[in-house]
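This report refers to the structure that appears directly beneath it.
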Protein chains: 2
Amino acid sequence: MSIMTKAIQSSLEFARSHHDRFLDELHEFLTISSISGDPVYEKEMQLAADWVADRLGALGLDRVELLPTAGNPVVYGEWLNPDSSSPTVMIYGHYDVAPVEPLDEWDSDPFAPFLRGDNLYGRGSSDMKGQIMACVAAVEALKLRAEVPLNIKFLIEGEEESGPSHLSDVLTTHHELLESDFCLNTDAGMVGPECPSITYALRGHMGCDLHVVGPSSDLHSGAYGGVVQNPIHVLSELIAGFHNEDGRVAIPGFYDKVREIDEAQRLMLAKVPYPEEKFLMETGAPFLWGETGYSPLERTIVRPSLDVVYFEGGSLKGAIPSKARAAIGMRLVPDQDPKEIYEQTSNYVRESLPEAVTWKLEFRYGFPAILVDVNTPWVDALTNALEAVWGVKPALIRIGGGIPAVIDLKENLGIDSVMTGFSLPDANLHGPNEKLHIPTWKRGVDALIHFFYNLADLQDQ
Amino acid sequence: MSIMTKAIQSSLEFARSHHDRFLDELHEFLTISSISGDPVYEKEMQLAADWVADRLGALGLDRVELLPTAGNPVVYGEWLNPDSSSPTVMIYGHYDVAPVEPLDEWDSDPFAPFLRGDNLYGRGSSDMKGQIMACVAAVEALKLRAEVPLNIKFLIEGEEESGPSHLSDVLTTHHELLESDFCLNTDAGMVGPECPSITYALRGHMGCDLHVVGPSSDLHSGAYGGVVQNPIHVLSELIAGFHNEDGRVAIPGFYDKVREIDEAQRLMLAKVPYPEEKFLMETGAPFLWGETGYSPLERTIVRPSLDVVYFEGGSLKGAIPSKARAAIGMRLVPDQDPKEIYEQTSNYVRESLPEAVTWKLEFRYGFPAILVDVNTPWVDALTNALEAVWGVKPALIRIGGGIPAVIDLKENLGIDSVMTGFSLPDANLHGPNEKLHIPTWKRGVDALIHFFYNLADLQDQ
C-alpha cells in the first residue's frame with residue numbers, strides 16, 4: 001500500500017467514524033430558515049452566513065471571512081498549500097434555500113429536520129446545505145494529512161435562490177483572492193442512486209419583453225369594435241408565429257449556430273433513464289409536445305427552446321386595450337449568442353407586426369450556454385473518484401436550465417465548473433418535503449475524498 | 001292658430017322665459033358627486049335620488065317615490081291623464097355619473113359646474129343630468145296645460161355608469177306601475193349641432209371567458225422548455241385564428257344570420273359625418289383596421305365584431321405557465337343570437353385546441369342587438385318635433401354599443417325605446433371636462449315640447 005493509498009484510507013475511515021457528527025452539524029445548519037427571497041428572513045441569512053464561517057473556522061481554514069455584498073454576504077475560507085504549484089479548487093456552495101410555501105404540503109416543519117428511513121427531510125437538505133456539508137466533511141477528513149498538496153478555497157454565497165445575486169460583484173472585487181484552476185459545484189445532482197453524474201453542459205438563457213401599443217387609450221368595444229387592431233390580437237398572432245408546425249422556432253437565423261447532435265451523443269443520451277413517461281408524470285401535461293425528430297430529453301438539453309412566460313393585456317372591465325405585453329424566455333444551446341438571438345427576434349418582430357401598432361422589444365438578460373471541456377484533469381479526477389465509490393463510470397449529462405454561479409465564474413474568473421452532486425431526482429429540491437438520501441450522501445463524502453486526493457496526485461505527476 | 005298651436009306656443013314661451021331657472025337647477029344637480037361606481041359616494045347617490053324626487057314633486061307629478069333596489073334607488077313619478085286612451089310615454093334617465101379620474105386632466109372641479117362661452121362644464125352635464133333636466137323643463141312647460149292628453153312616467157335610475165344595475169329587478173317588481181307604450185331615452189346623443197338624431201339600432205353583446213390549462217403546475221423553463229405545450233402559445237394561436245385575412249371573424253356560422261347592408265342603408269350611413277379621420281383621431285391608432293368591403297362606420301354599427309378584451313398568463317417569475325385565460329367580447333347585430341354565437345365559439349374552440357391542453361369556455365353575458373321599428377307614431381312624433389326646431393329631418397342612426405336600459409325595458413316590459421339626445425360628440429361624456437352645449441340644450445327643450453304635443457295629438461286622431 002503506497003503512502004497515498006494509506007492516506008486515502010485514513011481519511012475515508014475518519015469520515016466514516018464521524019458521519020454522525022457531520023449529520024448532527026447538518027441538522028443544526030438546516031434549522032436556520034435562510035430563505036433569501038424574502039426580506040423577513042434577513043436575520044436568518046446573517047445567522048446562516050455566520051454558521052458557515054464558524055464551521056469553516058472550526059475546520060482550521062485560514063482567512064475565513066464574510067465578503068460583504070449589496071445583499072447577503074459571501075463566506076470565504078481558504079486552505080493553501082505552501083507549494084504554489086499545487087492545483088487550486090474552488091468549492092462553490094450557497095447557504096440560502098428556496099421558499100417553503102405552500103406550508104400545508106409539508107409533512108413536517110421544513111426547518112425542523114426529520115429523519116425518516118434513509119432520508120433526512122428539511123428545506124435545504126439536498127439543495128444544497130447537505131452538499132456543502134459533504135464538502136466540509138471531505139475536507140476535514142483530508143486536512144488530517146496536512147501534506148496533501150492541494151489549495152482549497154470555499155466560496156459559499158447566499159443569493160442563489162433569489163434574484164439578483166451579487167456573486168459577480170464579489171468575483172470582480174476579490175479577483176486575485178479567488179483565483180483558482182476550476183470550481184467544484186455540487187449543486188447539479190445525479191441521475192439516480194446508482195448512477196453518479198457529471199454535468200458538462202447547461203443551456204443558456206435570453207429574456208426579453210415585448211410591448212405592443214395600438215390605440216392611444218382603452219376603447220369602448222361597442223363604439224370601436226371593428227375599426228382598430230387590438231394589441232392582444234396582434235401579439236397573439238405574433239406568438240402563434242413563433243413556432244412552425246414541426247415545433248421549431250420560426251425566427252429566421254435562430255438555428256444557424258446550433259450544433260447538430262451526433263450519433264454518439266444520441267446514443268449516450270438514450271442511455272439516460274429519462275423516458276417520455278417521466279416527463280409526463282413530472283409536468284402533468286396530458287401530452288408532450290416539441291420539435292419533431294428529437295426525443296423529449298434531447299429537446300430539453302441539446303435543442304434550444306422558446307417560451308412566452310408572461311402575457312398581459314386588457315382588463316375584465318372589457319374595453320379594447322391600448323396595449324399588450326409579453327415576456328419571452330429562450331433557452332439557448334452552445335454557440336447561440338444571446339445578443340444575436342435578440343437581434344434576430346427584433347428583426348422578426350419588425351417584419352411581422354402590422355403598421356397599425358407600435359412596439360418595443362426590451363432586452364432583459366442574456367447568458368450563453370455552458371459547455372465544459374470534459375477532457376481535463378479535473379473531470380478525470382472526478383470521474384475516477386465517482387467510479388471508485390460507485391463501481392460504475394459516471395454519466396456525463398447535460399442540463400436544460402442554467403446555474404448562474406457557473407456563468408458568473410466563467411465570465412468573471414475565466415474558470416470552468418466541474419458539476420456534480422449527491423441529490424437524487426426525487427429530492428423535491430424546491431417543493432414540499434425536500435429530502436436528502438443519507439446513504440447516497442455518505443458515498444458522496446467518500447467520492448469527494450477520492451476526488452481531492454486525485455487532484456493532489458496531479459501535482460505529483 | 002289652432003288651440004293646440006296656441007298651447008305649444010305658450011309652452012315654448014314658458015320654457016324660454018324660464019331657461020335661466022332650469023339651468024340654475026341643473027347647476028345645483030351637477031354639484032352632487034353621484035359617482036355610482038365607487039362605494040365612497042353612497043351618501044351622494046342618495047342625495048341625488050332625493051334631489052330628483054324633490055324636483056319631480058315640485059313639478060306637480062303624482063306618486064313621486066323612490067323604488068328601492070339592492071343598489072341605488074330608482075326615482076319614479078307620474079302624471080296620468082284621466083282619459084286612459086292617451087298614449088303613455090316613459091321618460092328614462094340616470095342620475096348617476098361616470099368616475100372623474102384622472103382629476104388632473106380637468107380644467108375645473110368636475111362637481112363645481114362652470115360656464116365658459118356656450119358650454120357648461122361638469123361631470124354629468126351631458127351624460128345625462130342635462131338631458132334629464134331638458135325633459136323636466138319640457139314637462140313643466142307642458143304641465144301648464146293640464147288638458148294635454150298624455151300620460152307621463154319618469155323612471156330615473158342610479159346605476160347606469162356602474163355594474164351591476166338593478167333596473168330589471170324594478171321593472172319586474174313594478175311591472176304594472178311601469179306599463180307604458182314606449183320609452184323616451186335621451187341618452188343617445190346627436191351627430192352634430194345642426195344634425196338632430198334618432199338612434200334606431202344598437203349592437204348586442206356576448207361575453208365569454210376562455211380558460212386553457214396545460215401542465216399541472218408552472219414549470220421551470222430550463223428543465224421543460226421544449227417538451228410541453230405552453231398554454232400562452234396555445235391560446236395565442238387560437239386568438240390568431242379568430243380573424244381571417246379580410247378581418248372577418250373566422251368562427252363557422254358567425255355571419256349566418258347577419259343581414260347584409262342594402263344600398264339604401266349604405267347611402268344613408270354615407271351621409272353621417274363620421275369619416276375615417278374622425279375614427280383615427282378618436283382612437284389615436286396609427287392606422288384603422290377591419291373587415292374589408294365596409295366603411296369604418298359600417299364596421300362599428302351594422303357589422304358584428306370580436307375582441308379579446310383580456311389576456312393573462314404566466315408571471316414575470318418566468319416559468320412556463322400551467323394556464324392562460326382570455327375574456328372575449330363580441331358585438332352582435334340584429335338576428336345574431338348570443339347563445340347560438342356562444343355555441344359556435346365553443347365548437348370552434350373544441351376543434352381548434354390541441355389535445356395537449358384542457359379548456360373551459362364560460363358564458364358570461366349575452367344581449368341581442370336592438371333594432372327599433374322606425375315606422376311607429378312615436379318615431380314620427382319625434383321626427384317631426386326635431387324637424388320643427390332644427391329645420392332639417394333628423395338623421396336615423398345606429399350605435400355600435402348597447403344601452404342596457406333599452407334592453408332591460410324591451411325584455412321586461414316589452415316596450416321599445418325611442419332614442420335621441422342633445423349631447424354633442426365632443427361632449428367628452430366619460431372623459432375630463434365633460435360639457436353641455438347650452439344653445440343645443442335649449443333647442444332640445446323646445447323639441448321635447450313639440451314631441452309631447454305631437455304625442456298628445458295622436459290621441460285626437
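Labels used: A, B, ... for chains in the order of the C-alpha cells, numbers from 1 for residues in each chain, and numbers from 1 for ligands as shown.
Least-squares superposition of chain B onto chain A, taking every C-alpha atom paired in order, leaves an RMSD of 0.1 Å.
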For chain B, list the residues within 6 Å of chain A, counting only C-alpha atoms, and write the list as a compact mmCIF listing (two decimals) with C-alpha atoms, in the first residue's frame.
# COMPACT_ATOMS: atom_id res chain seq x y z
CA GLY B 214 -51.61 22.62 -19.93
CA PRO B 215 -49.16 21.22 -17.35
CA SER B 216 -50.45 20.71 -13.82
CA GLY B 222 -34.88 25.37 -18.37
CA ALA B 223 -35.93 21.89 -17.33
CA TYR B 224 -39.06 21.69 -19.50
CA GLY B 225 -38.67 24.22 -22.30
CA GLY B 226 -39.21 22.11 -25.41
CA VAL B 227 -41.43 19.28 -24.13
CA VAL B 228 -44.78 20.74 -23.17
CA GLN B 229 -47.29 22.91 -24.95
CA SER B 236 -52.39 32.90 -28.79
CA GLU B 237 -52.74 30.56 -31.73
CA ALA B 240 -54.75 34.49 -34.06
CA THR B 283 -58.79 56.19 -31.21
CA GLY B 284 -55.25 57.50 -31.59
CA ALA B 285 -54.46 54.34 -33.58
CA PRO B 286 -51.78 54.84 -36.28
CA PHE B 287 -53.99 53.05 -38.85
CA LEU B 288 -57.51 51.71 -38.89
CA TRP B 289 -58.25 48.05 -39.44
CA GLY B 290 -61.26 45.87 -40.01
CA PRO B 296 -65.30 52.24 -40.66
CA ARG B 299 -67.97 48.19 -39.34
CA THR B 300 -68.88 49.64 -35.95
CA SER B 305 -67.08 42.38 -34.19
CA VAL B 309 -60.57 42.27 -24.15
CA TYR B 310 -58.35 40.50 -21.62
CA PHE B 311 -55.48 38.04 -21.76
CA GLU B 312 -53.47 36.83 -18.83
CA GLY B 313 -50.97 34.06 -18.45
CA GLY B 314 -47.77 33.34 -16.59
CA SER B 315 -45.82 35.70 -14.41
CA GLY B 318 -40.52 33.35 -15.82
CA ALA B 319 -41.80 29.79 -15.65
CA ILE B 320 -43.79 28.03 -18.36
CA ALA B 356 -52.21 18.67 -25.04
CA GLY B 400 -72.10 50.32 -32.07
CA GLY B 401 -72.55 49.75 -28.36
Quiz item: If we count only C-alpha atoms, what is near range 165-170 of chain A at a cut-off of 9 Å, once residues fewer than 5 positions away on the same chain are taken out, given as number ranges by chain?
Solution: A: 67-74, 157-160, 175, 404-405, 408-409, 411-412
Written file, previous selection with N, CA, C and O atoms, as an mmCIF file, in the first residue's frame:
data_model
loop_
_atom_site.group_PDB
_atom_site.id
_atom_site.type_symbol
_atom_site.label_atom_id
_atom_site.label_comp_id
_atom_site.auth_asym_id
_atom_site.auth_seq_id
_atom_site.Cartn_x
_atom_site.Cartn_y
_atom_site.Cartn_z
ATOM 1 N N LEU A 67 -17.390 38.136 2.909
ATOM 2 C CA LEU A 67 -17.201 39.186 1.912
ATOM 3 C C LEU A 67 -18.556 39.883 1.743
ATOM 4 O O LEU A 67 -19.529 39.244 1.320
ATOM 5 N N PRO A 68 -18.622 41.168 2.100
ATOM 6 C CA PRO A 68 -19.927 41.842 2.038
ATOM 7 C C PRO A 68 -20.375 42.084 0.590
ATOM 8 O O PRO A 68 -19.547 42.217 -0.309
ATOM 9 N N THR A 69 -21.668 42.113 0.397
ATOM 10 C CA THR A 69 -22.240 42.474 -0.916
ATOM 11 C C THR A 69 -23.391 43.435 -0.638
ATOM 12 O O THR A 69 -23.726 43.682 0.522
ATOM 13 N N ALA A 70 -23.976 43.939 -1.698
ATOM 14 C CA ALA A 70 -25.156 44.801 -1.526
ATOM 15 C C ALA A 70 -26.324 43.983 -0.976
ATOM 16 O O ALA A 70 -27.315 44.536 -0.519
ATOM 17 N N GLY A 71 -26.189 42.649 -1.023
ATOM 18 C CA GLY A 71 -27.221 41.773 -0.477
ATOM 19 C C GLY A 71 -26.650 40.946 0.657
ATOM 20 O O GLY A 71 -26.073 41.483 1.601
ATOM 21 N N ASN A 72 -26.773 39.631 0.543
ATOM 22 C CA ASN A 72 -26.251 38.755 1.587
ATOM 23 C C ASN A 72 -24.756 38.503 1.398
ATOM 24 O O ASN A 72 -24.277 38.415 0.270
ATOM 25 N N PRO A 73 -24.007 38.376 2.504
ATOM 26 C CA PRO A 73 -22.563 38.207 2.390
ATOM 27 C C PRO A 73 -22.188 36.856 1.774
ATOM 28 O O PRO A 73 -22.948 35.895 1.827
ATOM 29 N N VAL A 74 -20.975 36.809 1.200
ATOM 30 C CA VAL A 74 -20.424 35.569 0.671
ATOM 31 C C VAL A 74 -19.370 35.093 1.681
ATOM 32 O O VAL A 74 -18.539 35.886 2.128
ATOM 33 N N GLU A 157 -22.104 31.351 -1.242
ATOM 34 C CA GLU A 157 -22.920 32.575 -1.363
ATOM 35 C C GLU A 157 -24.307 32.406 -0.726
ATOM 36 O O GLU A 157 -24.668 31.293 -0.311
ATOM 37 N N GLY A 158 -25.060 33.513 -0.664
ATOM 38 C CA GLY A 158 -26.379 33.466 -0.009
ATOM 39 C C GLY A 158 -27.500 34.025 -0.862
ATOM 40 O O GLY A 158 -28.525 34.458 -0.353
ATOM 41 N N GLU A 159 -27.302 34.000 -2.187
ATOM 42 C CA GLU A 159 -28.353 34.573 -3.048
ATOM 43 C C GLU A 159 -28.622 33.746 -4.293
ATOM 44 O O GLU A 159 -28.956 34.292 -5.345
ATOM 45 N N GLU A 160 -28.485 32.430 -4.160
ATOM 46 C CA GLU A 160 -28.688 31.614 -5.354
ATOM 47 C C GLU A 160 -30.164 31.391 -5.642
ATOM 48 O O GLU A 160 -30.562 31.249 -6.792
ATOM 49 N N HIS A 175 -10.946 39.541 -7.133
ATOM 50 C CA HIS A 175 -10.458 38.734 -8.248
ATOM 51 C C HIS A 175 -9.219 37.912 -7.896
ATOM 52 O O HIS A 175 -9.179 36.691 -8.086
ATOM 53 N N PRO A 404 -26.539 29.903 -12.382
ATOM 54 C CA PRO A 404 -25.955 31.247 -12.508
ATOM 55 C C PRO A 404 -24.489 31.310 -12.072
ATOM 56 O O PRO A 404 -23.670 31.953 -12.738
ATOM 57 N N ALA A 405 -24.134 30.615 -10.974
ATOM 58 C CA ALA A 405 -22.763 30.709 -10.473
ATOM 59 C C ALA A 405 -21.763 30.200 -11.502
ATOM 60 O O ALA A 405 -20.642 30.703 -11.612
ATOM 61 N N ASP A 408 -21.266 33.023 -13.840
ATOM 62 C CA ASP A 408 -20.542 34.106 -13.165
ATOM 63 C C ASP A 408 -19.049 33.783 -13.052
ATOM 64 O O ASP A 408 -18.199 34.645 -13.281
ATOM 65 N N LEU A 409 -18.729 32.552 -12.687
ATOM 66 C CA LEU A 409 -17.329 32.168 -12.517
ATOM 67 C C LEU A 409 -16.598 32.144 -13.848
ATOM 68 O O LEU A 409 -15.450 32.555 -13.956
ATOM 69 N N GLU A 411 -17.420 33.932 -16.505
ATOM 70 C CA GLU A 411 -17.308 35.291 -17.030
ATOM 71 C C GLU A 411 -16.334 36.155 -16.245
ATOM 72 O O GLU A 411 -15.633 36.990 -16.806
ATOM 73 N N ASN A 412 -16.294 35.970 -14.932
ATOM 74 C CA ASN A 412 -15.510 36.884 -14.110
ATOM 75 C C ASN A 412 -14.132 36.359 -13.741
ATOM 76 O O ASN A 412 -13.198 37.131 -13.590
#
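The space between CA of His174 in chain B and CA of Ile91 in chain B spans 15.7 Å.
Proximity to Ile156 in chain B at 6 Å, evaluated using only C-alpha atoms and with sequence-adjacent residues fewer than 4 positions away removed, yields Val74, Val75, Tyr92, Gly93 and His94 of chain B.
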Practice problem: Could you find all residues in range 212-284 of chain B that DSSP calls alpha helix (DSSP H) from the backbone, and write them as a PyMOL selection string? | Solution: chain B and resi 221-224+231-240+263-271+276-283
Quiz item: From the list B:Phe14, B:Pro87, B:Leu56, B:His27, which residue is nearest Pro149 in chain B when using only C-alpha atoms?
Solution: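 Looking only at the distances to Pro149 in chain B, the closest residue turns out to be B:Pro87.
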Quiz item: Which distance in Å separates CA of Phe422 in chain A and CA of Thr186 in chain A, to one decimal?
Solution: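 So the answer is 7.3 Å.
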Quiz prompt | Within 8 Å of range 341-349 of chain A using only C-alpha atoms, minus same-chain residues under 4 positions, as a count of residues only | solution = 12
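In this structure, CA of Ser11 in chain B sits 25.2 Å away from CA of Leu424 in chain B.
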